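The data block below is start.pdb; it holds PDB, C-alpha atoms, pLDDT in the B column.
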ATOM      1  CA  MET H 272     -83.063  -4.598  -9.686  1.00 50.00           C
ATOM      2  CA  GLY H 273     -80.676  -1.979  -8.407  1.00 54.00           C
ATOM      3  CA  VAL H 274     -77.195  -1.357  -9.637  1.00 56.00           C
ATOM      4  CA  ASN H 275     -74.428  -2.449  -7.309  1.00 54.00           C
ATOM      5  CA  PRO H 276     -72.233   0.468  -6.311  1.00 56.00           C
ATOM      6  CA  THR H 277     -68.525   0.242  -6.963  1.00 51.00           C
ATOM      7  CA  PRO H 278     -66.879  -1.591  -4.094  1.00 53.00           C
ATOM      8  CA  PRO H 279     -65.080   0.882  -1.798  1.00 54.00           C
ATOM      9  CA  CYS H 280     -61.803  -1.047  -2.139  1.00 56.00           C
ATOM     10  CA  HIS H 281     -61.904  -0.713  -5.931  1.00 63.00           C
ATOM     11  CA  ASN H 282     -62.644   3.029  -5.748  1.00 81.00           C
ATOM     12  CA  ALA H 283     -59.821   3.581  -3.257  1.00 80.00           C
ATOM     13  CA  ARG H 284     -57.397   1.634  -5.475  1.00 82.00           C
ATOM     14  CA  ASP H 285     -58.394   3.681  -8.536  1.00 82.00           C
ATOM     15  CA  THR H 286     -57.963   6.861  -6.525  1.00 80.00           C
ATOM     16  CA  ALA H 287     -54.550   5.750  -5.275  1.00 81.00           C
ATOM     17  CA  GLN H 288     -53.440   4.904  -8.818  1.00 84.00           C
ATOM     18  CA  ARG H 289     -54.636   8.289 -10.105  1.00 81.00           C
ATOM     19  CA  ALA H 290     -52.906  10.040  -7.198  1.00 80.00           C
ATOM     20  CA  SER H 291     -49.686   8.186  -8.066  1.00 82.00           C
ATOM     21  CA  GLU H 292     -49.948   9.462 -11.637  1.00 82.00           C
ATOM     22  CA  VAL H 293     -50.429  13.009 -10.350  1.00 81.00           C
ATOM     23  CA  ILE H 294     -47.444  12.659  -8.024  1.00 80.00           C
ATOM     24  CA  GLU H 295     -45.277  11.528 -10.935  1.00 82.00           C
ATOM     25  CA  LEU H 296     -46.426  14.520 -12.978  1.00 79.00           C
ATOM     26  CA  LEU H 297     -45.704  16.836 -10.054  1.00 78.00           C
ATOM     27  CA  GLU H 298     -42.226  15.327  -9.716  1.00 79.00           C
ATOM     28  CA  VAL H 299     -41.550  16.236 -13.353  1.00 79.00           C
ATOM     29  CA  LEU H 300     -42.912  19.755 -12.795  1.00 73.00           C
ATOM     30  CA  TRP H 301     -40.955  20.114  -9.557  1.00 72.00           C
ATOM     31  CA  GLU H 302     -37.754  19.086 -11.325  1.00 73.00           C
ATOM     32  CA  ARG H 303     -38.386  21.645 -14.057  1.00 70.00           C
ATOM     33  CA  GLY H 304     -38.962  24.264 -11.379  1.00 65.00           C
ATOM     34  CA  ARG H 305     -35.741  23.274  -9.635  1.00 64.00           C
ATOM     35  CA  ASN H 306     -33.809  23.552 -12.888  1.00 66.00           C
ATOM     36  CA  ALA H 307     -35.354  26.924 -13.730  1.00 66.00           C
ATOM     37  CA  ALA H 308     -34.843  28.350 -10.245  1.00 62.00           C
ATOM     38  CA  SER H 309     -31.066  28.273 -10.191  1.00 63.00           C
ATOM     39  CA  THR H 310     -27.948  27.034 -11.846  1.00 63.00           C
ATOM     40  CA  THR H 311     -26.810  25.812  -8.429  1.00 68.00           C
ATOM     41  CA  PRO H 312     -27.453  22.067  -8.229  1.00 73.00           C
ATOM     42  CA  VAL H 313     -29.421  21.058  -5.152  1.00 86.00           C
ATOM     43  CA  SER H 314     -30.292  17.407  -4.647  1.00 87.00           C
ATOM     44  CA  PRO H 315     -33.747  16.356  -3.473  1.00 86.00           C
ATOM     45  CA  SER H 316     -32.236  15.477  -0.072  1.00 90.00           C
ATOM     46  CA  GLN H 317     -30.635  18.899   0.220  1.00 93.00           C
ATOM     47  CA  LEU H 318     -33.927  20.492  -0.745  1.00 91.00           C
ATOM     48  CA  ARG H 319     -35.672  18.591   2.062  1.00 92.00           C
ATOM     49  CA  VAL H 320     -33.080  20.004   4.472  1.00 95.00           C
ATOM     50  CA  MET H 321     -33.790  23.513   3.203  1.00 95.00           C
ATOM     51  CA  TYR H 322     -37.543  23.026   3.645  1.00 94.00           C
ATOM     52  CA  CYS H 323     -37.035  21.818   7.233  1.00 94.00           C
ATOM     53  CA  VAL H 324     -34.703  24.683   8.130  1.00 96.00           C
ATOM     54  CA  ASP H 325     -37.076  27.164   6.495  1.00 95.00           C
ATOM     55  CA  ARG H 326     -39.980  25.759   8.509  1.00 93.00           C
ATOM     56  CA  ASP H 327     -38.046  25.672  11.807  1.00 93.00           C
ATOM     57  CA  GLU H 328     -35.423  28.414  11.645  1.00 92.00           C
ATOM     58  CA  GLY H 329     -32.660  27.848  14.204  1.00 92.00           C
ATOM     59  CA  MET H 330     -33.181  24.094  14.553  1.00 93.00           C
ATOM     60  CA  ASN H 331     -30.164  22.006  15.502  1.00 92.00           C
ATOM     61  CA  LEU H 332     -28.694  18.994  13.690  1.00 91.00           C
ATOM     62  CA  ARG H 333     -30.386  16.511  16.038  1.00 91.00           C
ATOM     63  CA  ALA H 334     -33.849  17.986  15.387  1.00 92.00           C
ATOM     64  CA  LEU H 335     -33.135  18.068  11.652  1.00 94.00           C
ATOM     65  CA  GLY H 336     -32.081  14.420  11.730  1.00 92.00           C
ATOM     66  CA  GLU H 337     -35.316  13.506  13.496  1.00 92.00           C
ATOM     67  CA  ALA H 338     -37.387  15.493  10.998  1.00 91.00           C
ATOM     68  CA  LEU H 339     -35.660  13.775   8.069  1.00 91.00           C
ATOM     69  CA  GLY H 340     -35.415  10.345   9.674  1.00 91.00           C
ATOM     70  CA  SER H 341     -31.690  10.362   8.883  1.00 90.00           C
ATOM     71  CA  ALA H 342     -28.488   9.502  10.702  1.00 90.00           C
ATOM     72  CA  PRO H 343     -26.551  12.408  12.230  1.00 86.00           C
ATOM     73  CA  SER H 344     -23.564  11.824   9.928  1.00 89.00           C
ATOM     74  CA  SER H 345     -25.774  12.027   6.818  1.00 92.00           C
ATOM     75  CA  VAL H 346     -27.455  15.183   8.058  1.00 93.00           C
ATOM     76  CA  SER H 347     -24.116  16.772   8.811  1.00 92.00           C
ATOM     77  CA  ARG H 348     -22.814  16.004   5.291  1.00 94.00           C
ATOM     78  CA  LEU H 349     -25.960  17.449   3.714  1.00 95.00           C
ATOM     79  CA  CYS H 350     -25.504  20.620   5.744  1.00 95.00           C
ATOM     80  CA  ASP H 351     -21.797  20.743   4.820  1.00 95.00           C
ATOM     81  CA  ARG H 352     -22.739  20.773   1.133  1.00 95.00           C
ATOM     82  CA  LEU H 353     -25.466  23.381   1.595  1.00 96.00           C
ATOM     83  CA  GLU H 354     -23.106  25.545   3.610  1.00 96.00           C
ATOM     84  CA  ALA H 355     -20.436  25.208   0.888  1.00 95.00           C
ATOM     85  CA  ILE H 356     -22.815  26.584  -1.770  1.00 94.00           C
ATOM     86  CA  GLY H 357     -23.973  29.359   0.544  1.00 95.00           C
ATOM     87  CA  PHE H 358     -27.560  28.225   1.198  1.00 96.00           C
ATOM     88  CA  VAL H 359     -27.305  27.294   4.902  1.00 97.00           C
ATOM     89  CA  GLU H 360     -25.270  28.649   7.782  1.00 96.00           C
ATOM     90  CA  ARG H 361     -24.496  27.119  11.154  1.00 94.00           C
ATOM     91  CA  SER H 362     -24.048  29.298  14.195  1.00 92.00           C
ATOM     92  CA  PRO H 363     -23.549  28.617  17.906  1.00 89.00           C
ATOM     93  CA  SER H 364     -26.738  28.268  19.902  1.00 83.00           C
ATOM     94  CA  PRO H 365     -27.283  31.036  22.445  1.00 85.00           C
ATOM     95  CA  THR H 366     -28.751  28.468  24.863  1.00 84.00           C
ATOM     96  CA  SER H 367     -26.179  25.656  24.572  1.00 81.00           C
ATOM     97  CA  ARG H 368     -22.476  25.803  23.811  1.00 79.00           C
ATOM     98  CA  ARG H 369     -22.610  22.264  22.418  1.00 83.00           C
ATOM     99  CA  GLU H 370     -25.260  22.891  19.787  1.00 86.00           C
ATOM    100  CA  LEU H 371     -25.255  24.638  16.446  1.00 88.00           C
ATOM    101  CA  GLU H 372     -28.312  26.335  14.987  1.00 93.00           C
ATOM    102  CA  LEU H 373     -29.155  26.061  11.307  1.00 95.00           C
ATOM    103  CA  ARG H 374     -30.448  28.971   9.280  1.00 96.00           C
ATOM    104  CA  LEU H 375     -31.023  29.656   5.629  1.00 97.00           C
ATOM    105  CA  THR H 376     -28.842  32.380   4.198  1.00 97.00           C
ATOM    106  CA  GLY H 377     -30.317  35.148   2.070  1.00 96.00           C
ATOM    107  CA  ARG H 378     -29.157  33.201  -0.972  1.00 94.00           C
ATOM    108  CA  GLY H 379     -30.827  30.009   0.293  1.00 95.00           C
ATOM    109  CA  ARG H 380     -34.060  31.850   1.050  1.00 95.00           C
ATOM    110  CA  ALA H 381     -34.004  33.476  -2.414  1.00 93.00           C
ATOM    111  CA  TYR H 382     -33.516  30.043  -3.991  1.00 91.00           C
ATOM    112  CA  LEU H 383     -36.570  28.631  -2.189  1.00 92.00           C
ATOM    113  CA  THR H 384     -38.668  31.669  -3.095  1.00 92.00           C
ATOM    114  CA  ASP H 385     -37.711  31.369  -6.757  1.00 89.00           C
ATOM    115  CA  LEU H 386     -38.292  27.624  -6.724  1.00 87.00           C
ATOM    116  CA  ARG H 387     -41.743  28.006  -5.192  1.00 88.00           C
ATOM    117  CA  GLU H 388     -42.652  30.702  -7.724  1.00 89.00           C
ATOM    118  CA  GLN H 389     -41.519  28.529 -10.649  1.00 85.00           C
ATOM    119  CA  ARG H 390     -43.530  25.585  -9.368  1.00 84.00           C
ATOM    120  CA  GLU H 391     -46.624  27.678  -8.693  1.00 88.00           C
ATOM    121  CA  GLU H 392     -46.478  29.116 -12.220  1.00 87.00           C
ATOM    122  CA  ALA H 393     -46.391  25.612 -13.673  1.00 84.00           C
ATOM    123  CA  LEU H 394     -49.344  24.571 -11.504  1.00 86.00           C
ATOM    124  CA  LEU H 395     -51.337  27.686 -12.361  1.00 89.00           C
ATOM    125  CA  GLU H 396     -50.840  26.997 -16.045  1.00 87.00           C
ATOM    126  CA  MET H 397     -52.257  23.496 -15.673  1.00 86.00           C
ATOM    127  CA  LEU H 398     -55.066  24.589 -13.356  1.00 89.00           C
ATOM    128  CA  GLY H 399     -55.997  27.326 -15.802  1.00 91.00           C
ATOM    129  CA  ALA H 400     -56.689  24.636 -18.402  1.00 92.00           C
ATOM    130  CA  MET H 401     -59.228  22.975 -16.097  1.00 91.00           C
ATOM    131  CA  ARG H 402     -62.900  23.853 -15.853  1.00 95.00           C
ATOM    132  CA  VAL H 403     -63.997  25.741 -12.737  1.00 94.00           C
ATOM    133  CA  ARG H 404     -65.986  22.761 -11.418  1.00 96.00           C
ATOM    134  CA  GLU H 405     -62.962  20.486 -11.846  1.00 93.00           C
ATOM    135  CA  ARG H 406     -60.768  22.902  -9.897  1.00 92.00           C
ATOM    136  CA  GLU H 407     -63.390  23.161  -7.149  1.00 93.00           C
ATOM    137  CA  ALA H 408     -63.613  19.361  -6.936  1.00 92.00           C
ATOM    138  CA  LEU H 409     -59.813  19.119  -6.842  1.00 89.00           C
ATOM    139  CA  LEU H 410     -59.628  21.697  -4.063  1.00 90.00           C
ATOM    140  CA  LYS H 411     -62.250  19.836  -2.051  1.00 90.00           C
ATOM    141  CA  GLY H 412     -60.414  16.538  -2.574  1.00 88.00           C
ATOM    142  CA  LEU H 413     -57.054  18.032  -1.645  1.00 85.00           C
ATOM    143  CA  ARG H 414     -58.515  19.505   1.547  1.00 87.00           C
ATOM    144  CA  GLY H 415     -59.910  16.081   2.427  1.00 87.00           C
ATOM    145  CA  PHE H 416     -56.552  14.479   1.700  1.00 84.00           C
ATOM    146  CA  VAL H 417     -54.707  16.938   3.956  1.00 83.00           C
ATOM    147  CA  ASP H 418     -57.326  16.465   6.687  1.00 85.00           C
ATOM    148  CA  ALA H 419     -56.880  12.679   6.438  1.00 84.00           C
ATOM    149  CA  THR H 420     -53.183  13.029   7.289  1.00 80.00           C
ATOM    150  CA  GLY H 421     -54.231  14.241  10.729  1.00 76.00           C
ATOM    151  CA  GLY H 422     -51.781  17.112  10.572  1.00 61.00           C
ATOM    152  CA  ALA H 423     -48.818  14.841   9.805  1.00 60.00           C
ATOM    153  CA  LEU H 424     -47.989  16.984   6.789  1.00 54.00           C
ATOM    154  CA  VAL H 425     -47.585  20.547   7.950  1.00 51.00           C
ATOM    155  CA  PRO H 426     -46.773  22.868   5.051  1.00 50.00           C
ATOM    156  CA  HIS H 427     -44.695  25.958   5.581  1.00 47.00           C
ATOM    157  CA  PRO H 428     -46.917  29.065   5.697  1.00 45.00           C
ATOM    158  CA  SER H 429     -45.010  30.712   2.822  1.00 47.00           C
ATOM    159  CA  ALA H 430     -45.457  27.617   0.660  1.00 46.00           C
ATOM    160  CA  ALA H 431     -49.252  27.839   0.794  1.00 45.00           C
ATOM    161  CA  PRO H 432     -51.231  30.636  -0.827  1.00 43.00           C
ATOM    162  CA  SER H 433     -52.902  33.064   1.534  1.00 37.00           C
ATOM    163  CA  ALA H 434     -56.257  32.535  -0.125  1.00 38.00           C
ATOM    164  CA  ASP H 435     -57.660  29.741  -2.251  1.00 43.00           C
ATOM    165  CA  ALA H 436     -58.621  32.269  -4.915  1.00 40.00           C
ATOM    166  CA  ALA H 437     -54.959  32.999  -5.586  1.00 40.00           C
ATOM    167  CA  LEU H 438     -54.349  29.369  -6.517  1.00 41.00           C
ATOM    168  CA  TRP H 439     -57.636  28.692  -8.295  1.00 41.00           C
ATOM    169  CA  PRO H 440     -58.262  31.323 -10.978  1.00 42.00           C
ATOM    170  CA  ALA H 441     -61.751  31.482 -12.444  1.00 38.00           C
TER
END

Encoded form (structure tokens):
Amino acid sequence: MGVNPTPPCHNARDTAQRASEVIELLEVLWERGRNAASTTPVSPSQLRVMYCVDRDEGMNLRALGEALGSAPSSVSRLCDRLEAIGFVERSPSPTSRRELELRLTGRGRAYLTDLREQREEALLEMLGAMRVREREALLKGLRGFVDATGGALVPHPSAAPSADAALWPA
């Protein structure tokens, strides 16, 4: 008699549970990276704003609200706080007198660069403790995961390494 394969539902549930564990670990690492990157406190919501503005430099408040799925008043308050700490600036749109464009300041851009470097260092340390085959399997799985989103998750070009080899040391 043959052995019954694991039911697909069970395998998917195990995978989802393992992915949840990884996400929780990444949240801890990300928080450490945030703390190491700057003494300036930036909330997770403010960080999401910075990622959006970094990805779409010059976007207006309406587009930012749509990207975040947030009410205009909430988005405006988030931008007020980021502007107060010198991470975001608002300037009049050259195409519409009624709109303001959002841009990261040099200080905001430096914060994101430092944050990304801190987080990548933490990841590289963990990946370095894995065997080459495990890293290759992880890379293949992560590519499949990103492909399964159908492009819904579009990372910023500067957030992704230029070559897989940079992220996956031998």

*What do you get, as a ChimeraX atom specification, if you spell out every residue that the PyMOL selection byres ((chain H and resi 372-380) around 10) selects here?*
/H:320-325,327-332,335,350,353-354,356-365,367,370-371,381-386

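Between atom CA of H:Arg319 and atom CA of H:Leu297 there is a distance of 15.8 Å.
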
*Distance of atom CA of H:Arg406 from atom CA of H:Leu296, expressed in Å to one decimal place*: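 Calculated distance between atom CA of H:Leu296 and atom CA of H:Arg406 is 16.9 Å.
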
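Of note, atom CA of H:Asp285 and atom CA of H:Glu392 are spaced 28.3 Å apart.
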
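The closest residue to H:Arg352, picked from H:Arg368, H:Arg289, H:Gly336, H:Ser314 and counting all atoms listed in the file, is H:Ser314.
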
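Proximity of H:Ala355, H:Arg333, H:Glu295, H:Leu398 to H:Val313, computed with only C-alpha atoms, is greatest for H:Ala355.
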
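Taking all atoms listed in the file, the non-local environment of H:Ala393 within 9 Å (same-chain residues fewer than 2 positions away omitted) comprises Leu300, Trp301, Arg303, Gly304, Glu388, Gln389, Arg390, Glu391, Leu395, Glu396, Met397 and Leu398 of chain H.
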